[in-house]
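**Student:** For reference, the file input-v8.json (JSON, C-alpha atoms) is included below:
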```
[["chain", "number", "residue", "atom", "x", "y", "z"],
["A", 27, "CYS", "CA", 53.00, 168.72, -118.04],
["A", 28, "ASN", "CA", 50.07, 169.45, -120.29],
["A", 29, "GLU", "CA", 50.69, 172.95, -121.67],
["A", 30, "GLY", "CA", 51.40, 174.28, -118.17],
["A", 31, "LYS", "CA", 47.98, 173.57, -116.72],
["A", 32, "ASP", "CA", 48.72, 170.82, -114.22],
["A", 33, "ARG", "CA", 51.71, 170.41, -111.88],
["A", 34, "ALA", "CA", 53.86, 172.92, -113.73],
["A", 35, "GLY", "CA", 51.01, 175.41, -113.71],
["A", 36, "MET", "CA", 50.49, 175.02, -109.97],
["A", 37, "VAL", "CA", 54.21, 175.36, -109.21],
["A", 38, "SER", "CA", 54.31, 178.46, -111.41],
["A", 39, "ALA", "CA", 51.33, 179.87, -109.51],
["A", 40, "LEU", "CA", 53.09, 179.23, -106.18],
["A", 41, "LEU", "CA", 56.28, 180.88, -107.38],
["A", 42, "GLU", "CA", 54.38, 183.89, -108.69],
["A", 43, "ALA", "CA", 52.54, 184.24, -105.39],
["A", 44, "LEU", "CA", 55.81, 183.93, -103.49],
["A", 45, "ALA", "CA", 57.25, 186.71, -105.67],
["A", 46, "GLY", "CA", 54.32, 188.96, -104.76],
["A", 47, "ALA", "CA", 52.11, 188.66, -107.85],
["A", 48, "SER", "CA", 48.42, 189.40, -107.46],
["A", 49, "MET", "CA", 45.74, 186.75, -107.90],
["A", 50, "ASP", "CA", 44.70, 188.47, -111.14],
["A", 51, "GLU", "CA", 48.25, 188.25, -112.50],
["A", 52, "ILE", "CA", 48.54, 184.59, -111.54],
["A", 53, "ILE", "CA", 45.19, 183.74, -113.10],
["A", 54, "ALA", "CA", 46.07, 185.57, -116.33],
["A", 55, "ASP", "CA", 49.33, 183.63, -116.63],
["A", 56, "TYR", "CA", 47.66, 180.31, -115.81],
["A", 57, "MET", "CA", 44.92, 180.92, -118.37],
["A", 58, "THR", "CA", 47.34, 181.70, -121.20],
["A", 59, "SER", "CA", 47.48, 178.06, -122.32],
["A", 60, "TYR", "CA", 43.67, 177.83, -122.32],
["A", 61, "VAL", "CA", 43.44, 180.98, -124.42],
["A", 62, "ASN", "CA", 46.21, 179.97, -126.82],
["A", 63, "TYR", "CA", 45.52, 176.25, -127.19],
["A", 64, "TYR", "CA", 41.79, 176.00, -126.64],
["A", 65, "ASN", "CA", 40.54, 179.45, -127.69],
["A", 66, "VAL", "CA", 38.90, 180.12, -124.35],
["A", 67, "GLU", "CA", 37.81, 183.74, -124.46],
["A", 68, "PRO", "CA", 38.72, 186.00, -121.53],
["A", 69, "GLY", "CA", 35.56, 187.16, -119.78],
["A", 70, "SER", "CA", 33.54, 184.13, -120.90],
["A", 71, "LEU", "CA", 31.81, 181.79, -118.48],
["A", 72, "GLN", "CA", 34.22, 179.07, -119.55],
["A", 73, "TYR", "CA", 37.21, 181.30, -118.73],
["A", 74, "GLU", "CA", 35.80, 182.20, -115.32],
["A", 75, "THR", "CA", 35.00, 178.57, -114.51],
["A", 76, "ILE", "CA", 38.47, 177.31, -115.47],
["A", 77, "SER", "CA", 40.28, 180.18, -113.76],
["A", 78, "SER", "CA", 38.58, 179.27, -110.49],
["A", 79, "ILE", "CA", 41.06, 176.35, -110.39],
["A", 80, "ILE", "CA", 43.68, 178.84, -109.20],
["A", 81, "THR", "CA", 41.58, 180.51, -106.52],
["A", 82, "ASP", "CA", 40.38, 177.10, -105.34],
["A", 83, "PHE", "CA", 43.97, 175.85, -105.22],
["A", 84, "PHE", "CA", 45.11, 178.67, -102.93],
["A", 85, "THR", "CA", 42.01, 178.34, -100.76],
["A", 86, "GLU", "CA", 42.69, 174.61, -100.45],
["A", 87, "ILE", "CA", 46.34, 175.00, -99.47],
["A", 88, "ASN", "CA", 45.30, 177.56, -96.86],
["A", 89, "GLY", "CA", 42.43, 175.43, -95.57],
["A", 90, "ARG", "CA", 39.94, 178.29, -95.84],
["A", 91, "PRO", "CA", 39.28, 181.52, -97.79],
["A", 92, "PHE", "CA", 41.71, 184.35, -97.09],
["A", 93, "PRO", "CA", 42.15, 188.03, -97.96],
["A", 94, "LEU", "CA", 43.86, 188.38, -101.33],
["A", 95, "ASN", "CA", 46.44, 190.74, -99.87],
["A", 96, "SER", "CA", 47.81, 187.81, -97.84],
["A", 97, "LEU", "CA", 48.48, 185.57, -100.87],
["A", 98, "GLN", "CA", 52.25, 185.76, -100.46],
["A", 99, "GLN", "CA", 52.02, 184.93, -96.75],
["A", 100, "VAL", "CA", 49.66, 182.00, -97.42],
["A", 101, "THR", "CA", 52.18, 180.66, -99.92],
["A", 102, "GLU", "CA", 55.08, 181.04, -97.50],
["A", 103, "VAL", "CA", 53.19, 179.19, -94.76],
["A", 104, "TYR", "CA", 52.29, 176.40, -97.20],
["A", 105, "LEU", "CA", 55.89, 176.00, -98.35],
["A", 106, "VAL", "CA", 57.10, 175.75, -94.75],
["A", 107, "ASN", "CA", 54.31, 173.76, -93.11],
["A", 108, "THR", "CA", 53.27, 171.43, -95.94],
["A", 109, "VAL", "CA", 56.12, 171.25, -98.44],
["A", 110, "GLY", "CA", 58.73, 171.18, -95.68],
["A", 111, "LEU", "CA", 61.03, 174.01, -96.70],
["A", 112, "SER", "CA", 62.68, 175.97, -93.92],
["A", 113, "GLU", "CA", 61.93, 179.66, -93.56],
["A", 114, "ALA", "CA", 65.49, 180.35, -94.71],
["A", 115, "GLN", "CA", 64.94, 178.26, -97.83],
["A", 116, "VAL", "CA", 61.73, 180.12, -98.60],
["A", 117, "GLU", "CA", 63.52, 183.45, -98.21],
["A", 118, "SER", "CA", 66.35, 182.24, -100.47],
["A", 119, "LEU", "CA", 63.88, 181.07, -103.08],
["A", 120, "LYS", "CA", 62.05, 184.39, -102.90],
["A", 121, "ALA", "CA", 65.35, 186.26, -103.34],
["A", 122, "VAL", "CA", 66.23, 184.22, -106.43],
["A", 123, "ILE", "CA", 62.87, 184.65, -108.16],
["A", 124, "THR", "CA", 62.60, 188.36, -107.47],
["A", 125, "GLU", "CA", 66.08, 189.37, -108.65]]
```
When written as structure tokens, how does the structure in this file appear?
**Tutor:**
Amino acid sequence: CNEGKDRAGMVSALLEALAGASMDEIIADYMTSYVNYYNVEPGSLQYETISSIITDFFTEINGRPFPLNSLQQVTEVYLVNTVGLSEAQVESLKAVITE
């Protein structure tokens, strides 16, 4: 883990999406380490370029662009079809993280 930007950052993004967070909320959380450690200014071209990692990640796991209001569903499908969790496990995980 490198300040939450790599694997830990992606798992955090998945968990946030599963919990129903918006893309903007997920991006803001992901970018916190860039702002704090590297002084990347929100609203800058650098910020926008780096934050596209998150949108690209979700587009990649879905296989194509998708409406942002289906972010939670895209994550659930990914966890079942690619990660190999059962639907019951996904529901249990969602229950734990949203308590």
**Student:** Would you mind listing what lies within 9 Å of A:Leu97 as an mmCIF file with C-alpha atoms, in the frame of the given file, with all atoms listed in the file counted and same-chain residues fewer than 3 positions away left out?
**Tutor:**
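New file selection_15.cif:
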```cif
data_model
loop_
_atom_site.group_PDB
_atom_site.id
_atom_site.type_symbol
_atom_site.label_atom_id
_atom_site.label_comp_id
_atom_site.auth_asym_id
_atom_site.auth_seq_id
_atom_site.Cartn_x
_atom_site.Cartn_y
_atom_site.Cartn_z
ATOM 1 C CA ALA A 43 52.540 184.240 -105.390
ATOM 2 C CA LEU A 44 55.810 183.930 -103.490
ATOM 3 C CA GLY A 46 54.320 188.960 -104.760
ATOM 4 C CA ALA A 47 52.110 188.660 -107.850
ATOM 5 C CA SER A 48 48.420 189.400 -107.460
ATOM 6 C CA MET A 49 45.740 186.750 -107.900
ATOM 7 C CA PHE A 84 45.110 178.670 -102.930
ATOM 8 C CA PHE A 92 41.710 184.350 -97.090
ATOM 9 C CA PRO A 93 42.150 188.030 -97.960
ATOM 10 C CA LEU A 94 43.860 188.380 -101.330
ATOM 11 C CA VAL A 100 49.660 182.000 -97.420
ATOM 12 C CA THR A 101 52.180 180.660 -99.920
ATOM 13 C CA GLU A 102 55.080 181.040 -97.500
#
```
**Student:** Just the number, please: distance in Å from atom CA of A:Ser78 to atom CA of A:Tyr56, one decimal.
**Tutor:**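 So the answer is 10.6 Å.
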**Student:** Considering all atoms listed in the file, return as a ChimeraX atom specification whatever protein or nucleic-acid residues lie within 10 Å of stretch 105-114 of chain A, sequence-local ones (same chain, fewer than 5 positions apart) excluded.
**Tutor:** /A:40,44,87,99-100,119-120
**Student:** I'd like the interatomic distance between atom CA of A:Ser70 and atom CA of A:Met57, to a tenth of an Å.
**Tutor:**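 We find that atom CA of A:Ser70 and atom CA of A:Met57 lie 12.1 Å from each other.
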**Student:** Which is closer to A:Gly35 than all the others in A:Ile79, A:Val61, A:Leu71, A:Ile123, using only C-alpha atoms?
**Tutor:** A:Ile79
**Student:** In Å to one decimal, how far is atom CA of A:Gln115 from atom CA of A:Ile53?
**Tutor:**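 If I compute the distance from atom CA of A:Ile53 to atom CA of A:Gln115, I get 25.6 Å.
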**Student:** Using all atoms listed in the file, pick whichever of A:Ile80, A:Ala121, A:Val103, A:Val116 has the shortest atom-to-atom distance to A:Asp32.
**Tutor:** A:Ile80
**Student:** Leaving out A:Glu67 and any residue of its chain fewer than 6 positions from it, which residues lie within 12 Å of it when counting all atoms listed in the file, given as a ChimeraX atom specification?
**Tutor:** /A:54,57-61,73-77
**Student:** Could you tell me which of A:Gln72, A:Asp50, A:Asn65, A:Phe83 comes closest to A:Asn95 if we count only C-alpha atoms?
**Tutor:** A:Asp50
**Student:** Starting from 5 Å padding per side, set up an axis-aligned box that covers all listed atoms of stretch 93-102 of chain A and hand over centre and edge lengths in Å, one decimal, as JSON.
**Tutor:**
```
{"center_x": 48.6, "center_y": 185.7, "center_z": -99.0, "size_x": 22.9, "size_y": 20.1, "size_z": 14.6}
```
